[in-house]
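S.K.: Please see the structure below; I have some questions.
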Amino acid sequence: MIFSKVRLLALISLTFAILMSCQSFQYTQTQPKVKNVILMIGDGMGPAYLKAYRLLKDDPQTEAIEMTLFDQYLIGTIDTAPKGKRGKVTDSAAAATAYATGYKVLSRTLSITEKNEPLLTVLEKAKQRGKSTGLVATSPLTGATPAAFIAHHSSRYNYAKIADQFIDNQFNNKPYVDILLGGGAKYFEREDRNLVKEFESLGFNYVTNNKALLENTDKQVVGLFAYKQLDKMMDRTEKTPSLAEMTKSAIKQLSKNDKGFFLMIEGSQIDWAGHRKDIVGAMTEMEDFELAMQEVLKFAKKNGETQLILTADHSTGGLSVGTEVDGKKYYEWNADVVNSFIISPEEIARLALISHDLYAEFKKASTMQLTQVEINKLKGFSFPLEVMEKGSEGNLNKAKNIISKGESKLENDLVAILTKIINDHSYTGWTTKGHTGVDVNLYAYGPRSKEITGHSDNTRIGQFIFELLEEN
C-alpha cells in the first residue's frame, strides 16, 4: 500500500513536470522577439558609485534607504578584465570592444585583433540586418566607448582617424551609423577635413543645440554640442541637451525603422569625474545617466520588443563610501556635503579664473562650512599673471578653453584643492586616479533578460547582442 502511494506520487510529480515543461516551451516559443537593443554603459560606474548614489538620493525622513531606478533591475555582475595576464586592469577601449564585438582585445585598441584585423561590431551587424543605429555620449564621440562600436584602430587616442571612420566605415555606400549625439566638434570640423559637411552632403541633419535637437525630424542626424566633452549635467545651460534628452531624441528617430534599431548610450563623465576624485561631478553624472535610463524604460515598456542592457566598462578611482581623514577613521558617508553643491568643482575653477577668487566662488557654490585652514588655502591661491590677464576679460568660454581636460596643470591644481576639501568633509575615499579591476553590476529589462543573469565575462554581453541580432 505504501509502495503504491509512492508510485502514485511519483507519477503525479512526473506528469506535473511534463506539463510545466510544455508550458515553459510554449512560453519561450510565444514570447516577443527582440527587435530593438539598447546598451547603456556608465563609464567608470563601479559598485561603490551605486551605493553612494543611493545614499545621495535617500529620503532622510524614512527609516529605510530607498532604491534607485538602477537597483530595481539588477540581475548580475560582469568581469571586466582585458586580454593579457591575469589581474590586468582594463581601459575603456578594451572593455567597450568586449561589449561591441564579444572578443577580448589588448588595452587601448578599438575592435581589432592583435594582428590588426577588424572585428565585426554589434552596431555593424545591426546595420547589415537592416536596422537603424545610433551612438550617444557626453564625451567626445571619438572617445573610446562610442568609438569601439564603429571604428577599428590600434590606438584609441588617434581621434582624427577615428572620427574619419564614422563616415568612411560604410555598408551599401552609406555610413554604418544613423544617429550621432555628443561632444567632440573639434574632431569632426577640422582644417584638413570637415566631416560635418560630408555628413550633410549625405542627407544628415546637423544640430548644435538642444532646441534644434528637439525639433529634429530626420532619421539621420549628427548632433555635436561641445567642442570637446559636454559640461557636467549640473553646469549645463539650456542650450546643451541632457543625456536623457539626447536618448529620447535618438529613440524617437531610430524607432521609425520597422526592422528595429541598435543604440549605445554612454554616461561618459562618471569616469571623468572619478579620474579627478570628484564625488560631486560623479554623482551629477550618475543622475544624468539614471534619467536617461528612465527614458529608455518608458519606451521599452510600451514597445515590448526592446532589450535594455545596462552596465559599466570598469570602475574608476577606487571610490569608497567612508574613509580616513587626518588619521581618523570614519565609518560613515556624508551625502549632505555633496548635495550642498549647485555647480561642479570644474565650474568653480572656471569661474575662479575670471574672478581670481577661489574662496568666493566656492562659497557661492556650496553652503558647506570650511575650516580656517581650508579658508586660508582657498584665499591664498595665487593665479599666474597670464591667467589674470585672460580672466579679466570675464569670458567664461575663454576660461573653459584655458582649462580643457588634461591640458592645464592649473585646472588640475584647482580641482584637486576643491575635491580634497569635499572628500574630507563627505568622508569619500579614493585609492587611485586610474581604473580598478573590480566586477561591475549588470542591469537589464526586456524579453530576454533571464539569459544573462548571474556572473558573466564582459564578452558575454557582446555575444548575447549578436545572438539577438541574428534572430531578426
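Chain labels follow the order of the C-alpha cells: the first chain is A, the next B, and so on; residue numbering restarts at 1 in every chain, and ligands are counted from 1 in their shown order.
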Output as a list in words all residues of region 259-348 of chain A that backbone DSSP marks as strand (DSSP E or B).

M.R.: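 So the strand (DSSP E or B) residues in region 259-348 of chain A would be Phe261, Phe262, Leu263, Met264, Ile265, Glu266, Gly267, Thr306, Gln307, Leu308, Ile309, Leu310, Thr311, Ser315, Thr316, Ser320, Val321, Glu324, Val325, Lys328 and Lys329 of chain A.
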
S.K.: Contacts between region 278-298 of chain A and region 407-464 of chain A, please, where a residue of region 407-464 of chain A counts if it comes within 8 Å (with only C-alpha atoms); show its shortest atom pair and distance in Å to one decimal, rows by chain and ascending number, as a tab-separated table.

M.R.:
residue	atom	partner	partner_atom	distance
A:Thr419	CA	A:Asp278	CA	5.6
A:Ile422	CA	A:Ile279	CA	7.9
A:Asn423	CA	A:Ile279	CA	7.2
A:Thr428	CA	A:Ile279	CA	7.5
A:Tyr445	CA	A:Leu297	CA	7.8

S.K.: Quick one: everything within 8 Å of Lys104 (chain A), counting only C-alpha atoms, minus sequence neighbours fewer than 3 positions away in the same chain. Send it as a PyMOL selection string.

M.R.: chain A and resi 82-83+94-95+97-98+459

S.K.: Counting only C-alpha atoms, give me one row per residue of region 158-248 of chain A with an atom at most 12 Å from an atom of region 39-55 of chain A, showing the shortest contact pair and its distance in Å to one decimal, sorted by chain then residue number, as a Markdown table.

M.R.:
| residue | atom | partner | partner_atom | distance |
| --- | --- | --- | --- | --- |
| A:Leu243 | CA | A:Met40 | CA | 11.2 |
| A:Ala244 | CA | A:Met40 | CA | 11.8 |
| A:Thr247 | CA | A:Met40 | CA | 10.2 |

S.K.: For the selection just defined, write its residues with C-alpha atoms to a file, as a compact mmCIF listing (two decimals), in the first residue's frame.

M.R.:
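Result file out_25.txt:
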# COMPACT_ATOMS: atom_id res chain seq x y z
CA LEU A 243 21.74 62.66 -21.71
CA ALA A 244 18.03 61.92 -21.23
CA THR A 247 18.38 59.50 -25.55

S.K.: Using only C-alpha atoms, which protein or nucleic acid residues come within 9 Å of Asp336 (chain A)? Drop anything in the same chain fewer than 5 positions from it, and give the result as JSON, numbers by chain.

M.R.: {"A": [56, 368, 426]}

S.K.: When DSSP is applied to the backbone of this structure, which of region 66-232 of chain A are assigned helix (DSSP H, G or I)? Write them out as JSON, numbers by chain.

M.R.: {"A": [70, 71, 72, 73, 92, 93, 94, 95, 96, 97, 98, 99, 100, 101, 122, 123, 124, 125, 126, 127, 128, 144, 145, 146, 147, 159, 160, 161, 162, 163, 164, 165, 166, 167, 168, 185, 186, 187, 188, 195, 196, 197, 198, 199, 200, 201, 210, 211, 212, 213, 214, 215]}

S.K.: I'd like the interatomic distance between CA of Asp71 (chain A) and CA of Thr101 (chain A), to a tenth of an Å.

M.R.: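 Straight-line distance from CA of Asp71 (chain A) to CA of Thr101 (chain A) works out to 27.1 Å.
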
S.K.: List the spatial neighbours of region 158-164 of chain A as a PyMOL selection string - criterion: any atom at most 12 Å away, only C-alpha atoms, same-chain residues fewer than 3 positions off excluded.

M.R.: chain A and resi 108-111+140-155+167-170+175+180+183-196+198-199+228

S.K.: Okay, now the selection with N, CA and C atoms, as a short mmCIF file (atom, residue, chain, number, x, y, z; two decimals), in the first residue's frame?

M.R.:
data_model
loop_
_atom_site.label_atom_id
_atom_site.label_comp_id
_atom_site.auth_asym_id
_atom_site.auth_seq_id
_atom_site.Cartn_x
_atom_site.Cartn_y
_atom_site.Cartn_z
N ARG A 108 43.70 49.77 -25.01
CA ARG A 108 43.95 50.93 -25.90
C ARG A 108 43.65 50.64 -27.36
N THR A 109 43.21 49.41 -27.69
CA THR A 109 42.85 49.11 -29.08
C THR A 109 41.34 49.06 -29.25
N LEU A 110 40.89 49.41 -30.44
CA LEU A 110 39.46 49.51 -30.73
C LEU A 110 39.04 48.48 -31.77
N SER A 111 38.35 47.46 -31.35
CA SER A 111 37.70 46.48 -32.22
C SER A 111 38.61 45.94 -33.33
N PRO A 140 33.47 63.40 -26.03
CA PRO A 140 33.60 63.43 -27.50
C PRO A 140 33.19 62.07 -28.07
N LEU A 141 32.52 62.09 -29.18
CA LEU A 141 32.07 60.82 -29.79
C LEU A 141 33.24 59.95 -30.23
N THR A 142 34.40 60.55 -30.31
CA THR A 142 35.61 59.79 -30.66
C THR A 142 36.22 59.13 -29.43
N GLY A 143 35.61 59.32 -28.26
CA GLY A 143 36.08 58.65 -27.05
C GLY A 143 36.02 57.15 -27.20
N ALA A 144 36.77 56.44 -26.37
CA ALA A 144 36.96 55.00 -26.55
C ALA A 144 35.65 54.21 -26.59
N THR A 145 34.71 54.53 -25.72
CA THR A 145 33.49 53.71 -25.66
C THR A 145 32.65 53.81 -26.93
N PRO A 146 32.20 55.02 -27.33
CA PRO A 146 31.42 55.06 -28.58
C PRO A 146 32.24 54.62 -29.79
N ALA A 147 33.53 54.97 -29.80
CA ALA A 147 34.38 54.65 -30.95
C ALA A 147 34.49 53.16 -31.19
N ALA A 148 34.49 52.36 -30.12
CA ALA A 148 34.67 50.91 -30.27
C ALA A 148 33.56 50.27 -31.08
N PHE A 149 32.41 50.92 -31.18
CA PHE A 149 31.27 50.34 -31.90
C PHE A 149 31.28 50.66 -33.39
N ILE A 150 32.15 51.58 -33.81
CA ILE A 150 32.15 52.00 -35.22
C ILE A 150 33.54 52.05 -35.84
N ALA A 151 34.57 52.16 -35.00
CA ALA A 151 35.94 52.32 -35.52
C ALA A 151 36.79 51.09 -35.24
N HIS A 152 37.81 50.90 -36.07
CA HIS A 152 38.76 49.80 -35.91
C HIS A 152 40.16 50.41 -35.98
N HIS A 153 40.82 50.53 -34.83
CA HIS A 153 42.10 51.24 -34.81
C HIS A 153 42.98 50.72 -33.69
N SER A 154 44.29 50.79 -33.92
CA SER A 154 45.25 50.27 -32.95
C SER A 154 45.47 51.21 -31.77
N SER A 155 45.01 52.47 -31.90
CA SER A 155 45.16 53.42 -30.79
C SER A 155 43.89 54.21 -30.58
N ILE A 167 32.39 58.10 -40.82
CA ILE A 167 31.76 58.29 -42.13
C ILE A 167 32.35 57.36 -43.19
N ASP A 168 33.63 57.02 -43.04
CA ASP A 168 34.28 56.16 -44.03
C ASP A 168 33.88 54.70 -43.89
N ASN A 169 33.53 54.29 -42.68
CA ASN A 169 33.10 52.92 -42.45
C ASN A 169 31.65 52.79 -42.91
N GLN A 170 31.44 52.17 -44.09
CA GLN A 170 30.12 52.18 -44.71
C GLN A 170 29.62 50.78 -45.07
N PRO A 175 27.04 55.41 -44.44
CA PRO A 175 27.66 55.22 -43.12
C PRO A 175 26.90 54.19 -42.29
N LEU A 180 24.23 60.27 -34.34
CA LEU A 180 25.43 60.57 -33.55
C LEU A 180 25.14 61.79 -32.69
N GLY A 183 29.65 65.08 -27.85
CA GLY A 183 30.63 66.16 -27.98
C GLY A 183 31.69 65.83 -29.01
N GLY A 184 32.69 66.70 -29.10
CA GLY A 184 33.83 66.43 -29.97
C GLY A 184 33.81 67.12 -31.31
N ALA A 185 33.20 68.32 -31.38
CA ALA A 185 33.15 69.05 -32.65
C ALA A 185 34.54 69.29 -33.23
N LYS A 186 35.54 69.44 -32.37
CA LYS A 186 36.90 69.72 -32.84
C LYS A 186 37.45 68.61 -33.72
N TYR A 187 36.96 67.39 -33.55
CA TYR A 187 37.46 66.26 -34.33
C TYR A 187 36.66 66.04 -35.62
N PHE A 188 35.49 66.64 -35.70
CA PHE A 188 34.65 66.48 -36.89
C PHE A 188 34.70 67.69 -37.82
N GLU A 189 35.07 68.83 -37.30
CA GLU A 189 35.23 70.04 -38.11
C GLU A 189 36.68 70.48 -38.03
N ARG A 190 37.51 69.88 -38.88
CA ARG A 190 38.95 70.13 -38.86
C ARG A 190 39.39 70.86 -40.12
N GLU A 191 40.56 71.45 -40.06
CA GLU A 191 41.09 72.15 -41.25
C GLU A 191 41.39 71.16 -42.36
N ASP A 192 41.87 69.97 -42.00
CA ASP A 192 42.22 69.00 -43.04
C ASP A 192 41.01 68.27 -43.60
N ARG A 193 39.90 68.24 -42.82
CA ARG A 193 38.71 67.54 -43.30
C ARG A 193 37.49 67.95 -42.47
N ASN A 194 36.45 68.36 -43.15
CA ASN A 194 35.22 68.75 -42.47
C ASN A 194 34.19 67.63 -42.61
N LEU A 195 34.15 66.78 -41.60
CA LEU A 195 33.25 65.62 -41.64
C LEU A 195 31.79 66.02 -41.54
N VAL A 196 31.53 67.13 -40.86
CA VAL A 196 30.15 67.60 -40.75
C VAL A 196 29.57 67.90 -42.13
N GLU A 198 30.53 66.65 -44.89
CA GLU A 198 30.37 65.38 -45.61
C GLU A 198 29.09 64.66 -45.17
N PHE A 199 28.82 64.68 -43.87
CA PHE A 199 27.58 64.07 -43.38
C PHE A 199 26.36 64.79 -43.96
N LYS A 228 34.70 69.83 -27.08
CA LYS A 228 35.22 68.54 -26.62
C LYS A 228 34.10 67.81 -25.88
#

S.K.: For Val122 (chain A), please output as a VMD selection string all residues within 9 Å (counting only C-alpha atoms; exclusion window: fewer than 5 positions along the same chain).

M.R.: chain A and resid 99 to 102 127 149 262 462 to 463 465 to 466 469

S.K.: What is the distance, in Å and to one decimal place, between CA of Pro447 (chain A) and CA of Ile309 (chain A)?

M.R.: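 Separating CA of Pro447 (chain A) from CA of Ile309 (chain A) is a distance of 11.3 Å.
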
S.K.: Using only C-alpha atoms, which residues of region 288-369 of chain A come within 12 Å of region 452-458 of chain A, and what is the closest atom pair for each, with the distance in Å to one decimal? Give it as JSON lines, sorted by chain and residue number.

M.R.:
{"residue": "A:Gln307", "atom": "CA", "partner": "A:Ile452", "partner_atom": "CA", "distance": 11.5}
{"residue": "A:Leu308", "atom": "CA", "partner": "A:Ile452", "partner_atom": "CA", "distance": 11.6}
{"residue": "A:Ile309", "atom": "CA", "partner": "A:Ile452", "partner_atom": "CA", "distance": 9.4}
{"residue": "A:Leu310", "atom": "CA", "partner": "A:Ile452", "partner_atom": "CA", "distance": 11.5}
{"residue": "A:Thr311", "atom": "CA", "partner": "A:Asn458", "partner_atom": "CA", "distance": 9.7}
{"residue": "A:Ala312", "atom": "CA", "partner": "A:Asn458", "partner_atom": "CA", "distance": 9.7}
{"residue": "A:Asp313", "atom": "CA", "partner": "A:Asn458", "partner_atom": "CA", "distance": 8.3}
{"residue": "A:His314", "atom": "CA", "partner": "A:Asn458", "partner_atom": "CA", "distance": 10.0}

S.K.: I'd like the contact shell of Asp357 (chain A) - 12 Å cut-off, only C-alpha atoms, skipping same-chain residues fewer than 6 positions apart - returned as a JSON list (two decimals) with C-alpha atoms, in the first residue's frame.

M.R.:
[["chain", "number", "residue", "atom", "x", "y", "z"],
["A", 348, "ILE", "CA", 34.05, 76.63, -9.64],
["A", 349, "ALA", "CA", 37.56, 76.53, -11.09],
["A", 350, "ARG", "CA", 36.43, 78.15, -14.35],
["A", 351, "LEU", "CA", 34.64, 80.96, -12.55],
["A", 363, "LYS", "CA", 31.17, 79.94, -1.10],
["A", 364, "LYS", "CA", 28.76, 80.75, -3.94],
["A", 375, "ILE", "CA", 39.64, 79.09, 4.06],
["A", 376, "ASN", "CA", 43.26, 80.25, 4.12],
["A", 377, "LYS", "CA", 44.20, 77.74, 1.42],
["A", 378, "LEU", "CA", 41.43, 78.93, -0.91],
["A", 379, "LYS", "CA", 42.05, 82.60, -0.25],
["A", 380, "GLY", "CA", 45.77, 82.18, -0.64],
["A", 381, "PHE", "CA", 45.69, 80.53, -4.07],
["A", 382, "SER", "CA", 47.86, 82.57, -6.44],
["A", 383, "PHE", "CA", 46.77, 82.76, -10.08],
["A", 388, "MET", "CA", 44.85, 87.05, -14.54],
["A", 391, "GLY", "CA", 40.39, 86.01, -16.92],
["A", 392, "SER", "CA", 39.97, 89.75, -16.63],
["A", 414, "LEU", "CA", 42.41, 74.00, -8.72]]

S.K.: So, with only C-alpha atoms as the atoms that count, which of A:Lys85, A:Arg460, A:Lys232, A:Lys259 lies closest to Leu442 (chain A)?

M.R.: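 Of A:Lys85, A:Arg460, A:Lys232, A:Lys259, the one nearest Leu442 (chain A) is A:Arg460, counting only C-alpha atoms.
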
S.K.: When you count only C-alpha atoms, which of these residues is closest to Gly130 (chain A): A:Val440, A:Met234, A:Leu254, A:Val325?

M.R.: A:Leu254
